[in-house]
Each structure stands twice: as structure tokens, then as C-alpha cells.
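Right, one structure below, let's go through it.
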Amino acid sequence: MPESRLAATLRNSTALRSMLRYSAISLTALAVFAAILLLAGKNPLKAYVDTFSYTLANAYGFSELLVRMTPLLLTAVAVALPSRLGLINVGGEGQLYMGAWLASAGALLFPGAPRWALLPLVAVMGFLGGALFAALPGVLRAAKLVNETIATLLLNYIAPLIVSYSIFGPWRDPGSSAYPQSPVFPEAALLTSFFNTRIHAGLFLALAVLGAYWLLLEKTHWGVEMRAIGGNAEAAQRLGIPVAAWIVVALAIGGGIAGLAGMGEVMGVHGRLRQGLSPGYGFTGFLIAWLAGGRPLGILFMAFLFAIITSAGDTLQITQGLPYAVVNILLAVILFIVLARRPMRGASK
Amino acid sequence: MNPIAPILEVRRITKRYGAVTANDQVDLSLYGGEVHALLGENGAGKSTLSKVIYGFTRPDSGEILLAGKQVVVPTPREARALGIGMVFQNFMLIPALSVLENIALFLTDLPFIVHPKTIEKRIREFGERFGLVVDPSAPVRQLSVGDQQKVEILKLLLAQARVLILDEPTKVLAPHEVSALFRIFESLKAEGYSILFITHKLREVMACADRITVMRQGRVVGGFGPGEADLDALVTMMFGGQEAAEQLEPAERAVPPSGVGSILELRGASCPAQGSETVLRGLDLTIGAGEIVGVAGVSGSGQKELGDLILGLRSLSVGSKWFCGVDASSWSIARMRENGVAFVPEDPLLMAAVPGMSVRENLVLGTGSRYWKGVSVDWSALETAMGESFHALAFPVPRLDPPAGALSGGNLQRIVIAREMAHKPKLVVALYPTRGLDVRSATSVRDLLRRAREGGSGILLISEDLEELAEMSDRMFVLYGGALVGEFKRGEWQLEEVGHLMTGSRGAAHA
């Protein structure tokens with residue numbers, strides 16, 4: 001019977017099953033949000049059609065989706081990786097800013113360097129900026145001094161201030177006195193753009209990181225150790241797994257990946273360091289990782305969905321005269337639906 | 001001074017958990033104005049009995065009489081309504097709230113609008129009457145453990161309990177706090193309260209109890225009226241006395257190998273403690289090749305701390321640790337394991353396995369870098385090696401794909417043991433290895449430890465089961481309050497003396 005074969009395929013294919021799961025979540029959320037739009041006196045159908053035609057059905061709109069998706073993929077992995085050890089990294093936003101900051105430092109310090117040297121340097125410094133910023137809470141947690149959730153959360157407030165200090169002070173572009181920002185980075189430091197759009201090499205980097213995350217966790221002996229810590233920290237300790245070291249390393253890698261997102265924003269999108277370079281990518285990344293339960297495919301799907309939703313905010317603002325904040329309602333509805341279903345894997349301690 | 005009729009009487013209480021009979025036809029009567037000590041080893045059934053009285057567990061059969069009338073106690077709430085109160089080993093207080101708030105939370109007869117002044121007055125009243133003076137406005141987290149215990153007792157008194165059950169109340173107290181507690185007992189007695197005092201410390205029983213009931217293996221094995229008890233008789237009753245010791249006379253291997261180098265040696269090892277842990281003080285211990293060294297002690301004497309110290313989970317503050325002739329004082333647990341230390345725990349699901357990971361992945365955990373191949377794991381080499389280990393132990397090879405959490409306790413213990421034994425360990429640290437296992441699994445674990453001994457491993461067996469220790473050990477130490485207070489060679493020990501040392505009722509003998 002074809003039905004039973006389909007049912008069997010569904011049961012056996014976790015990828016297919018999770019795709020269906022995420023689709024169901026999205027559809028339910030869209031239905032609830034439609035009701036809210038109706039209450040606001042708007043035509044939900046038109047709102048959705050507008051969103052669709054401005055994003056998915058439009059080459060420029062679609063390219064912008066991918067641009068938005070790039071940092072979201074990275075900040076989601078930045079949360080997902082430590083969560084496999086039972087660590088809750090809420091500091092993606094701050095780590096993103098520090099990655100952007102240190103990458104900028106690299107570009108500004110070696111303006112004359114050739115592209116083959118400067119581009120990798122900038123990428124490494126972006127990673128390091130986030131990694132060091134996350135290693136600090138890692139050390140505090142490993143030493144059993146401060147909970148990593150609190151420390152990463154609070155550091156989010158510090159990183160943008162460091163960026164602000166730099167662009168108001170030492171790095172301020174003398175040419176744009178009205179607007180605090182760094183000078184434009186040398187061409188050699190900028191990520192290649194593709195197809196005459198804003199899609200930049202960061203997208204491929206992000207996809208590679210997502211794949212590497214999966215390989216690291218599922219296919220290496222390091223992954224076995226990390227998952228053991230997330231599954232039973234006491235046993236892991238007793239079995240001689242260096243738990244404290246892994247806590248620092250996992251948070252640092254996570255932070256480094258968020259730092260890459262920041263590097264991608266300044267080197268791929270803005271071309272200079274400025275304030276407000278992230279509209280909360282770090283926090284949205286947390287939500288994505290949570291909703292996806294840390295699964296790579298789920299992260300891919302959810303990052304794309306969230307790129308659509310945040311773009312929808314812009315569209316609805318223009319076409320329907322709705323405030324951008326209405327998308328927050330949609331995000332909250334999604335969160336509720338998922339939380340009602342099941343808790344995040346590995347987040348419980 | 002006892003009235004004729006008991007306040008509380010339990011008759012023929014039986015409670016089974018699976019194959020284990022925790023209470024077997026237990027009788028107990030409690031009179032007004034007395035401290036009644038319920039004495040017994042761990043697992044003797046004291047806690048089960050108190051849970052039955054307090055309505056935490058339903059007995060399978062038997063009855064409870066309160067002031068001569070039969071009652072049913074389905075829940076602790078009912079117990080409290082009947083005037084029965086209990087102080088648990090772990091206090092049930094909310095640290096952030098004040099003493100007054102904690103007590104008010106416990107009272108069921110409060111009016112809708114609470115008048116703190118009235119409660120405060122009652123707290124002060126009871127406090128002065130019974131020597132339970134505590135500042136009602138102080139947050140509980142600021143109180144010492146002794147004062148927290150006072151709050152627990154005050155709670156019961158204000159809730160009008162007449163029968164107070166205290167489960168090992170002295171376990172957490174300092175010596176001066178213990179004597180203060182006994183003075184509180186005296187004043188409560190004087191007002192006709194009954195106290196059921198659960199403990200395994202003989203000296204305390206002798207110091208404060210009017211009557212004593214001794215339990216062993218789920219049964220009441222004897223009782224003493226006021227002034228009748230003496231230490232020797234109590235120890236004999238608690239541990240089963242001479243006849244048990246003779247039954248357990250060793251059959252083979254009376255002579256531990258001498259001249260063989262020691263596998264592990266502790267020299268004057270001390271180790272600090274945090275929270276409710278026990279401080280280890282000046283331990284001298286040698287484990288030779290081909291030898292099972294048993295460690296006896298009542299719970300909380302520092303057994304887990306000793307195991308962790310040897311495994312490398314705790315660092316020494318004073319003294320040194322030697323492994324196969326090398327100073328291993330500062331070795332990490334990973335290094336100890338790499339050099340041939342295996343660990344057989346009490347609760348594998350908690351201490352040695354990751355429930356969410358597959359059996360295969362659990363087998364590779366703790367093997368260090370032995371099966372690493374590049375960045376990955378050489379799963380086929382692992383499966384071969386573990387398969388051999390299962391075969392050598394005569395365990396069936398389990399399915400490797402299901403998560404470890406789906407296995408039964410005995411099967412999981414087998415997997416942990418197969419992993420730990422796969423690389424011919426020089427030293428096996430077994431921490432309550434048979435606790436919670438059914439008889440067959442327990443026997444197979446003991447066989448395995450014996451076989452490891454024949455293979456030349458040194459074995460440290462930490463257990464609270466004296467019969468197991470007597471049956472297995474070539475030498476036996478007694479741990480009391482974080483210090484080794486006695487050492488016995490096989491065939492030399494008398495259960496009575498071990499019992500005295502375990503309960504602190506006599507000083508060090510051979511140590």
C-alpha cells in the first residue's frame with residue numbers, strides 16, 4: 001500500500017520528519033498571526049502575498065533573505081554548540097560585536113596588506129574576538145564562580161559600548177564627522193560579493209560552519225566527549241573527560257562563530273564599523289537554535305524562516321503601515337507553539 | 001513515669017519493595033514523655049517504618065493505633081492532622097524566607113489574613129519553653145544548621161504535633177549542637193511529647209534514649225527498657241553478633257600475598273570538604289596486588305570522599321598518594337584511569353553512563369584516547385575489544401544501538417563493568433557496587449571482583465554491607481568520621497568489634 005510505505009518513509013527519515021515538524025510549526029504560527037492581523041483591521045492574505053512577492057518571489061528580495069540569513073546561521077550555531085554540553089550561551093549578540101570589532105582592528109591596522117594575507121587575518125581576528133569574549137564566561141563557569149547564562153547575558157551590554165567607544169574615538173572617520181563610524185576598510189579586507197547583490201562570501205562560510213558543527217558533534221571523538229558532558233556531567237567527570245576545559249573551549253568556539261557573524265557584517269555588508277550593526281542577530285540566533293533543538297537541518301530551516309519574518313517586518317511597514325514590532329508578535333507566537341511541544345535538547349542541567 | 005497506654009502503636013507493619021522486604025511484621029510502641037531510639041544499620045528498615053508512620057508510604061499490611069484508636073495515615077497531611085510530625089535529614093525550609101514565614105507556611109490552621117504578631121508570639125513562647133530560641137525575623141539562610149533544626153522542630157510544635165519523628169537528626173550537627181538537641185529532648189519529654197529518634201550512633205542512643213528498639217534486615221530484633229541497654233548488647237543485636245561472624249568464616253585464600261609491591265598507597269592523606277561532605281583525616285592505606293581491601297563504615301563516614309580521592313577527583317591537602325610506586329598525588333582522574341584505575345560505581349546511570357547516548361558511545365567514554373583514530377573513533381576496534389571483555393566476563397553482548405538509559409540497572413552495571421575491566425586494570429575502586437542490584441546481579445559482581453583479584457588487580461571495596469565485606473575482603477578497614485579507625489586481617493575480625501568502631505562507640509583498636 002502506498003500510504004503505509006509513505007508512513008514508513010516518514011518514520012524512518014528524521015530529516016523529512018523534522019522538515020514536516022517545522023512546516024507545521026510555521027503554518028500554525030502564520031494562522032495565529034493572521035488572526036492578529038485581522039484584529040488590527042488588516043487583510044492578512046494581502047499581507048502574506050506582499051511579503052511573499054517582496055521576498056521569495058523577487059530576485060532582489062530573495063538575495064536580501066540570504067544576506068539576513070548569514071549572521072543568523074552563525075549566531076544559531078554559536079548557541080547550539082555549547083548547548084550540547086548543557087551550556088546556555090545568551091551572549092551571541094555581544095560576541096558578534098566583539099568579532100566585528102577585532103576584525104575591524106585587523107583591517108585598520110594593516111591597511112596595506114595584500115588580500116591573500118588580510119582576508120584570512122580579518123576572519124581569524126573576527127573569530128578570536130568572539131572566542132575570547134565567550135571564553136571569559138567559560139572560565140568563570142568552569143571555575144564554578146559564575147553561571148555562564150548570567151555572564152554571557154551581561155557581557156552583551158559591554159560589547160556594543162566597546163564598539164561605540166572606538167568609532168566615537170580613535171577609529172572615527174574624519175571624513176564623516178556627522179556620523180560616528182570608522183573609515184571604509186581597504187578593499188583587500190572585504191568579503192567578495194556575488195551575483196551583483198549583497199550576498200557575500202560569509203554565506204558560504206556560514207554553511208560550512210553549520211556542516212562543520214554537525215561533523216564535530218556527531219563524527220569526532222571530541223563530539224562524543226562534549227555530548228557526554230551535556231548528557232551527564234557527573235559521569236563525564238568521573239570517566240576522566242576534562243569537563244572544565246571543554247566548558248571553556250565549547251563556549252570559546254561558540255563565541256568565535258558568533259564573532260564570524262560580526263566579521264561578516266562589517267566586511268561583507270557595511271564595509272566599515274558602525275553602531276547598530278546587528279538588529280539583535282545574536283538573540284534571534286538563540287531563538288533559532290532553541291527552536292531547532294540544536295539540529296543542523298533545523299537551524300538551516302529556521303534561519304531561513306526567521307530571515308523571512310524579519311523581512312516581513314519591513315514589508316508590512318511599507319505596504320500595510322504596520323509598525324515593525326508586529327513581527328515580534330509572530331516570533332512570540334512561534335516560540336509559544338514550540339515551547340508547548342517540547343523543551344530544548346541538552347539545555348536542561 | 002510512662003503512662004500505661006502508648007500514644008502511638010504500630011502493629012505487624014509489613015512493607016515490601018519488589019523482592020525486598022523493608023519492614024517485616026514490625027511492632028513498635030511509643031509512650032508520652034519518652035525518647036524512643038530506633039536503631040539499626042543502613043537498610044535495616046528504620047526509614048521505611050518512619051515513612052509509614054508519617055504517611056509517606058502505605059504499608060502492605062499492619063495497623064497504626066493512635067491513643068488506642070486505629071487510624072489510617074494516607075498522606076503526611078493526615079499525619080500532621082493527627083499530631084504526628086517529622087524532621088527529615090534534609091531540612092524542608094526555604095532559605096530566602098524568614099523563620100516566621102517558614103513556620104507560617106507549614107501551619108494549616110492559619111486565618112485568611114495572617115497576623116505575624118500572633119505567630120511570632122507563639123514562636124517566642126515555644127522557643128523559651130523548650131530551649132528553641134531563634135530570631136523569628138531572621139532569614140533561614142543565615143541560620144546555622146543547628147538553628148535550622150530548631151526551626152524544623154518549632155514548626156512541628158506550632159502545628160500541634162505530639163509525636164515527633166527525627167530521622168538521623170545528629171548527622172549534620174556539631175558535637176555541642178548535639179548536646180543542645182538532647183537538652184531540647186529533655187524539656188519536650190517533660191511536657192509529655194514523644195520523640196522517635198532514628199539513628200545508628202550508639203553513643204547518642206545511650207546518652208538520651210529512654211527505650212530502644214533495634215532493627216535488622218527489616219525486622220525488630222530486640223528492645224531495651226530504661227537502663228537495660230549496654231553497648232555490647234546493642235552492637236551484637238545490630239550486627240547479628242557472633243553466630244553471623246562464624247558463618248562468614250573465609251573458605252579460601254586466607255593469606256594475602258606479601259612481598260608483592262603495593263598498587264596504591266595513601267600516606268597521611270587528608271582532604272578538605274565542602275558542604276555536607278566529610279573531611280578525610282590522615283589516612284594510611286595500602287592496597288596490594290591480588291588483594292581485596294574492604295572499607296566498612298556507616299553512611300557519611302567519608303566513603304565517597306575516599307573513593308574520589310583515590311580516583312583523582314579530589315586533591316590532597318596533606319600527605320601523598322602513590323600508584324605502583326610513583327607519586328600520583330597530583331594526577332588527574334584521566335591520568336589515573338589511563339594508568340589502570342577502574343571504577344565500579346553504586347549508581348551507573350548517575351556516575352558512569354550517559355543515558356541519552358547509545359551503548360556503543362557509552363563504551364568508548366572513559367577509555368581516554370585508546371580508540372581514537374584521527375579525529376574520529378575506531379568503532380570496530382572498540383567493538384572487538386569490548387566484545388572480548390563481555391566474553392571474558394561471561395556477560396551477554398548487549399545491543400549497541402539503543403540508548404543506555406533504556407537498560408535495566410543490572411544490564412547497565414554489566415556494561416559499565418565490561419568497559420572498566422576491558423583493559424586489565426591494576427586497581428579497581430568499587431563504591432557500593434552491589435547496592436540496588438538484585439541478588440543474581442550482585443553475586444555476579446562479587447564473582448567478578450574475585451576474578452579480578454585472581455588476575456592480580458588490587459581492589460578497594462567500599463560497602464555498607466558487612467556480610468559482603470566479610471565474605472570478600474582480605475583485609476578490612478573501618479572508616480569513621482573521615483578517619484580509618486581500625487584494620488583487620490582476614491579471619492581476625494569480630495563483627496562486634498567492627499560494629500563498635502563503625503558506630504564510634506569505642507576508640508581505635510588496631511589502627
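Residue names in the C-alpha cells use chain letters A, B, ... in the order shown, residue numbers from 1 in each chain, and ligand numbers from 1 in the order shown.
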As a ChimeraX atom specification, please: the residues near Ala104 of chain B (cut-off 10 Å, only C-alpha atoms, same-chain neighbours under 4 positions excluded). /B:98-100,108-110,114-116,119-120,155,158-159
Please find the residues of chain B near chain A - the criterion being any atom within 9 Å, counting only C-alpha atoms - and write them as a PyMOL selection string. chain B and resi 308+311+313+332-338+343+348-357+361-362+364-369+371-377
Could you turn the residues from that selection into a file that holds N, CA and C atoms, as a tab-separated table (two decimals), in the first residue's frame?
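Saved to selection-v8.tsv:
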chain	number	residue	atom	x	y	z
B	308	ASP	N	36.75	9.02	45.81
B	308	ASP	CA	37.07	10.13	44.91
B	308	ASP	C	38.53	10.56	45.05
B	311	LEU	N	40.53	8.05	43.16
B	311	LEU	CA	40.30	8.16	41.72
B	311	LEU	C	40.93	9.41	41.13
B	313	LEU	N	39.68	12.60	41.84
B	313	LEU	CA	38.68	13.66	41.70
B	313	LEU	C	38.85	14.74	42.76
B	332	SER	N	45.50	13.75	37.58
B	332	SER	CA	44.07	13.95	37.30
B	332	SER	C	43.40	12.59	37.20
B	333	ILE	N	42.08	12.62	37.22
B	333	ILE	CA	41.37	11.35	37.10
B	333	ILE	C	41.65	10.70	35.74
B	334	ALA	N	41.82	11.53	34.71
B	334	ALA	CA	42.11	10.97	33.39
B	334	ALA	C	43.43	10.20	33.43
B	335	ARG	N	44.41	10.78	34.11
B	335	ARG	CA	45.72	10.13	34.17
B	335	ARG	C	45.67	8.86	35.01
B	336	MET	N	44.93	8.90	36.12
B	336	MET	CA	44.78	7.70	36.93
B	336	MET	C	44.17	6.58	36.09
B	337	ARG	N	43.11	6.93	35.37
B	337	ARG	CA	42.43	5.92	34.57
B	337	ARG	C	43.34	5.37	33.48
B	338	GLU	N	44.07	6.26	32.84
B	338	GLU	CA	44.98	5.84	31.79
B	338	GLU	C	46.01	4.84	32.32
B	343	PHE	N	36.71	2.04	37.85
B	343	PHE	CA	35.75	2.48	38.86
B	343	PHE	C	34.42	1.76	38.64
B	348	PRO	N	25.24	3.37	38.27
B	348	PRO	CA	25.90	3.64	36.99
B	348	PRO	C	25.21	4.73	36.19
B	349	LEU	N	23.89	4.81	36.30
B	349	LEU	CA	23.19	5.80	35.49
B	349	LEU	C	23.57	7.21	35.91
B	350	LEU	N	23.92	7.34	37.18
B	350	LEU	CA	24.26	8.66	37.70
B	350	LEU	C	25.75	8.93	37.54
B	351	MET	N	26.58	7.92	37.78
B	351	MET	CA	28.01	8.17	37.94
B	351	MET	C	28.87	7.67	36.80
B	352	ALA	N	28.37	6.81	35.93
B	352	ALA	CA	29.29	6.22	34.97
B	352	ALA	C	28.73	6.04	33.58
B	353	ALA	N	27.52	6.52	33.32
B	353	ALA	CA	26.96	6.35	31.99
B	353	ALA	C	26.16	7.59	31.62
B	354	VAL	N	26.01	7.78	30.31
B	354	VAL	CA	25.21	8.90	29.82
B	354	VAL	C	23.94	8.31	29.23
B	355	PRO	N	22.81	8.51	29.88
B	355	PRO	CA	21.59	7.81	29.47
B	355	PRO	C	21.17	8.11	28.03
B	356	GLY	N	21.41	9.32	27.57
B	356	GLY	CA	20.93	9.71	26.24
B	356	GLY	C	21.82	9.21	25.11
B	357	MET	N	22.97	8.66	25.42
B	357	MET	CA	23.87	8.21	24.35
B	357	MET	C	23.74	6.70	24.19
B	361	GLU	N	28.43	4.30	22.29
B	361	GLU	CA	29.13	5.52	22.68
B	361	GLU	C	29.50	5.49	24.16
B	362	ASN	N	28.62	4.90	24.97
B	362	ASN	CA	28.95	4.78	26.38
B	362	ASN	C	30.18	3.91	26.60
B	364	VAL	N	32.78	3.77	24.76
B	364	VAL	CA	34.03	4.46	24.43
B	364	VAL	C	34.36	5.54	25.46
B	365	LEU	N	33.33	5.99	26.18
B	365	LEU	CA	33.58	7.03	27.19
B	365	LEU	C	34.52	6.50	28.26
B	366	GLY	N	35.44	7.31	28.65
B	366	GLY	CA	36.31	6.91	29.75
B	366	GLY	C	37.45	6.01	29.32
B	367	THR	N	37.57	5.72	28.03
B	367	THR	CA	38.71	4.93	27.59
B	367	THR	C	39.86	5.84	27.14
B	368	GLY	N	39.73	7.10	27.48
B	368	GLY	CA	40.80	8.04	27.13
B	368	GLY	C	40.94	8.14	25.62
B	369	SER	N	42.19	8.11	25.14
B	369	SER	CA	42.40	8.26	23.70
B	369	SER	C	42.69	6.91	23.05
B	371	TYR	N	40.94	4.54	21.71
B	371	TYR	CA	40.29	4.14	20.45
B	371	TYR	C	40.15	5.30	19.48
B	372	TRP	N	40.92	6.34	19.68
B	372	TRP	CA	40.86	7.44	18.75
B	372	TRP	C	41.56	7.05	17.46
B	373	LYS	N	40.94	7.44	16.34
B	373	LYS	CA	41.59	7.23	15.06
B	373	LYS	C	41.46	8.54	14.30
B	374	GLY	N	42.53	9.28	14.21
B	374	GLY	CA	42.42	10.62	13.63
B	374	GLY	C	41.50	11.47	14.49
B	375	VAL	N	40.53	12.11	13.83
B	375	VAL	CA	39.59	12.91	14.60
B	375	VAL	C	38.39	12.08	15.04
B	376	SER	N	38.33	10.85	14.58
B	376	SER	CA	37.15	10.05	14.87
B	376	SER	C	37.49	8.92	15.84
B	377	VAL	N	36.53	8.03	16.01
B	377	VAL	CA	36.71	6.89	16.90
B	377	VAL	C	36.78	5.63	16.05
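One finds atom CA of Ile263 of chain B at 7.6 Å from atom CA of Thr286 of chain B.
Going from atom CA of Glu186 of chain B over to atom CA of Leu93 of chain B, you cover 24.7 Å.
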With distances taken over only C-alpha atoms, which residue among A:Thr310, A:Ser278, A:Leu330, A:Ala340 lies nearest Ser26 of chain A? A:Leu330
Which residues come within 10 Å of Ala442 of chain B, counting only C-alpha atoms, excluding same-chain residues fewer than 5 positions away, as a compact mmCIF listing (two decimals) with N, CA and C atoms, in the first residue's frame?
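Now in out.txt:
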# COMPACT_ATOMS: atom_id res chain seq x y z
N GLY B 410 20.74 -3.71 36.26
CA GLY B 410 21.71 -4.78 36.22
C GLY B 410 22.45 -4.83 34.88
N GLN B 413 24.87 -1.96 34.69
CA GLN B 413 26.04 -2.22 35.53
C GLN B 413 27.00 -3.16 34.79
N PRO B 433 29.25 -1.41 45.04
CA PRO B 433 28.99 -1.91 43.68
C PRO B 433 27.73 -2.75 43.57
N THR B 434 27.22 -3.26 44.67
CA THR B 434 26.06 -4.15 44.57
C THR B 434 24.79 -3.50 45.10
N ARG B 435 24.90 -2.25 45.54
CA ARG B 435 23.71 -1.60 46.10
C ARG B 435 22.66 -1.43 45.02
N GLY B 436 21.46 -1.82 45.31
CA GLY B 436 20.37 -1.63 44.36
C GLY B 436 20.29 -2.73 43.31
N LEU B 437 21.18 -3.72 43.37
CA LEU B 437 21.12 -4.80 42.38
C LEU B 437 20.34 -5.99 42.97
N ASP B 447 31.59 -12.07 42.10
CA ASP B 447 32.44 -13.04 41.40
C ASP B 447 33.50 -12.32 40.57
N LEU B 448 33.02 -11.28 39.93
CA LEU B 448 33.90 -10.55 39.04
C LEU B 448 35.05 -9.90 39.81
N GLU B 468 28.84 -8.70 53.04
CA GLU B 468 29.58 -8.66 51.78
C GLU B 468 31.06 -8.42 52.06
Within 12 Å of Ala40 of chain A, counting only C-alpha atoms, which residues show up once you throw out same-chain ones fewer than 2 positions away? Write them as a PDB file with N, CA and C atoms, in the first residue's frame, please.
ATOM      1  N   PHE A  33      -1.038  34.395  13.538  1.00  0.00           N
ATOM      2  CA  PHE A  33      -0.660  35.774  13.216  1.00  0.00           C
ATOM      3  C   PHE A  33      -1.693  36.404  12.281  1.00  0.00           C
ATOM      4  N   ALA A  34      -2.271  35.590  11.397  1.00  0.00           N
ATOM      5  CA  ALA A  34      -3.317  36.089  10.509  1.00  0.00           C
ATOM      6  C   ALA A  34      -4.482  36.617  11.327  1.00  0.00           C
ATOM      7  N   ALA A  35      -4.838  35.888  12.375  1.00  0.00           N
ATOM      8  CA  ALA A  35      -5.936  36.327  13.235  1.00  0.00           C
ATOM      9  C   ALA A  35      -5.605  37.678  13.865  1.00  0.00           C
ATOM     10  N   ILE A  36      -4.330  37.835  14.273  1.00  0.00           N
ATOM     11  CA  ILE A  36      -3.927  39.096  14.887  1.00  0.00           C
ATOM     12  C   ILE A  36      -4.009  40.233  13.879  1.00  0.00           C
ATOM     13  N   LEU A  37      -3.587  39.962  12.642  1.00  0.00           N
ATOM     14  CA  LEU A  37      -3.661  40.986  11.599  1.00  0.00           C
ATOM     15  C   LEU A  37      -5.114  41.384  11.351  1.00  0.00           C
ATOM     16  N   LEU A  38      -6.009  40.369  11.370  1.00  0.00           N
ATOM     17  CA  LEU A  38      -7.438  40.647  11.180  1.00  0.00           C
ATOM     18  C   LEU A  38      -7.937  41.591  12.268  1.00  0.00           C
ATOM     19  N   LYS A  42      -6.342  44.658   9.298  1.00  0.00           N
ATOM     20  CA  LYS A  42      -5.599  44.498   8.051  1.00  0.00           C
ATOM     21  C   LYS A  42      -6.019  43.210   7.365  1.00  0.00           C
ATOM     22  N   ASN A  43      -5.732  43.131   6.111  1.00  0.00           N
ATOM     23  CA  ASN A  43      -6.042  41.930   5.352  1.00  0.00           C
ATOM     24  C   ASN A  43      -4.836  40.984   5.418  1.00  0.00           C
ATOM     25  N   PRO A  44      -4.945  39.919   6.183  1.00  0.00           N
ATOM     26  CA  PRO A  44      -3.770  39.039   6.347  1.00  0.00           C
ATOM     27  C   PRO A  44      -3.324  38.427   5.030  1.00  0.00           C
ATOM     28  N   ALA A  47      -1.293  40.829   3.269  1.00  0.00           N
ATOM     29  CA  ALA A  47      -0.008  40.977   3.961  1.00  0.00           C
ATOM     30  C   ALA A  47       0.935  39.845   3.580  1.00  0.00           C
ATOM     31  N   GLN A 320       1.593  47.967   4.528  1.00  0.00           N
ATOM     32  CA  GLN A 320       0.382  47.938   5.345  1.00  0.00           C
ATOM     33  C   GLN A 320       0.356  49.036   6.408  1.00  0.00           C
ATOM     34  N   GLY A 321       1.455  49.743   6.532  1.00  0.00           N
ATOM     35  CA  GLY A 321       1.503  50.771   7.561  1.00  0.00           C
ATOM     36  C   GLY A 321       1.495  50.215   8.968  1.00  0.00           C
ATOM     37  N   LEU A 322       1.928  48.976   9.095  1.00  0.00           N
ATOM     38  CA  LEU A 322       2.020  48.379  10.435  1.00  0.00           C
ATOM     39  C   LEU A 322       3.408  48.645  11.012  1.00  0.00           C
ATOM     40  N   PRO A 323       3.501  48.819  12.332  1.00  0.00           N
ATOM     41  CA  PRO A 323       4.830  49.003  12.909  1.00  0.00           C
ATOM     42  C   PRO A 323       5.675  47.734  12.756  1.00  0.00           C
ATOM     43  N   VAL A 326       5.331  44.430  14.906  1.00  0.00           N
ATOM     44  CA  VAL A 326       4.351  43.339  14.810  1.00  0.00           C
ATOM     45  C   VAL A 326       5.028  41.993  14.571  1.00  0.00           C
TER      46      VAL A 326
END
Please identify all polymer residues within 12 Å of Pro136 of chain B, counting only C-alpha atoms, omitting same-chain residues fewer than 3 positions from it, and present them as a ChimeraX atom specification. /B:97-104,116-127,132-133,139-140,142-143,147-148,150-151,154-155
Length of the atom CA of Leu280 of chain B to atom CA of Ser315 of chain B vector [Å]: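 These two atoms are separated by 11.1 Å.
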Please provide as a PyMOL selection string all residues within 8 Å of Ala131 of chain A, with the sequence filter that same-chain residues fewer than 6 positions apart are discarded (counting only C-alpha atoms). chain A and resi 95+251-257+259
How would the residues just chosen look if you wrote them out with N, CA and C atoms as a PDB file, in the first residue's frame?
ATOM      1  N   GLN A  95      29.147  38.713  21.475  1.00  0.00           N
ATOM      2  CA  GLN A  95      30.248  38.041  20.789  1.00  0.00           C
ATOM      3  C   GLN A  95      30.314  38.475  19.330  1.00  0.00           C
ATOM      4  N   LEU A 251      32.473  27.066  24.808  1.00  0.00           N
ATOM      5  CA  LEU A 251      31.958  28.434  24.803  1.00  0.00           C
ATOM      6  C   LEU A 251      32.810  29.317  23.892  1.00  0.00           C
ATOM      7  N   ALA A 252      34.122  29.088  23.900  1.00  0.00           N
ATOM      8  CA  ALA A 252      35.000  29.890  23.055  1.00  0.00           C
ATOM      9  C   ALA A 252      34.705  29.632  21.575  1.00  0.00           C
ATOM     10  N   ILE A 253      34.525  28.365  21.209  1.00  0.00           N
ATOM     11  CA  ILE A 253      34.207  28.081  19.801  1.00  0.00           C
ATOM     12  C   ILE A 253      32.873  28.727  19.438  1.00  0.00           C
ATOM     13  N   GLY A 254      31.895  28.568  20.316  1.00  0.00           N
ATOM     14  CA  GLY A 254      30.602  29.191  20.065  1.00  0.00           C
ATOM     15  C   GLY A 254      30.753  30.693  19.885  1.00  0.00           C
ATOM     16  N   GLY A 255      31.469  31.312  20.803  1.00  0.00           N
ATOM     17  CA  GLY A 255      31.671  32.765  20.722  1.00  0.00           C
ATOM     18  C   GLY A 255      32.407  33.134  19.444  1.00  0.00           C
ATOM     19  N   GLY A 256      33.393  32.315  19.072  1.00  0.00           N
ATOM     20  CA  GLY A 256      34.140  32.586  17.849  1.00  0.00           C
ATOM     21  C   GLY A 256      33.238  32.554  16.625  1.00  0.00           C
ATOM     22  N   ILE A 257      32.282  31.619  16.628  1.00  0.00           N
ATOM     23  CA  ILE A 257      31.368  31.514  15.487  1.00  0.00           C
ATOM     24  C   ILE A 257      30.459  32.754  15.432  1.00  0.00           C
ATOM     25  N   GLY A 259      31.411  35.557  16.535  1.00  0.00           N
ATOM     26  CA  GLY A 259      32.341  36.590  16.088  1.00  0.00           C
ATOM     27  C   GLY A 259      32.469  36.608  14.568  1.00  0.00           C
TER      28      GLY A 259
END
So which residues touch Met19 of chain A within 9 Å, counting only C-alpha atoms, skipping near sequence neighbours fewer than 5 positions away, as a list in words?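 Selected residues are Thr14, Ala24, Leu297, Gly298 and Phe301 of chain A.
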Convert the current residue selection to file output with N, CA and C atoms, as a compact mmCIF listing (two decimals), in the first residue's frame.
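Saved the output as again_4.txt:
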# COMPACT_ATOMS: atom_id res chain seq x y z
N THR A 14 14.46 10.97 9.55
CA THR A 14 14.39 12.01 10.57
C THR A 14 14.40 13.38 9.92
N ALA A 24 4.87 22.48 10.09
CA ALA A 24 3.64 22.53 10.88
C ALA A 24 3.69 23.70 11.86
N LEU A 297 19.88 20.71 10.35
CA LEU A 297 18.85 20.99 9.34
C LEU A 297 17.80 21.95 9.88
N GLY A 298 17.47 21.74 11.13
CA GLY A 298 16.51 22.63 11.76
C GLY A 298 17.02 24.05 11.81
N PHE A 301 16.69 25.57 8.32
CA PHE A 301 15.31 25.90 8.00
C PHE A 301 14.85 27.11 8.83
Using only C-alpha atoms: which of A:Met267, A:Leu102, A:Ile318, A:Ala142 has the shortest distance to His200 of chain A: A:Met267
Shortest contact to Lys46 of chain B, candidates B:Arg453, B:Arg203, B:Arg219, B:His176, atoms counted only C-alpha atoms, goes to B:Arg219
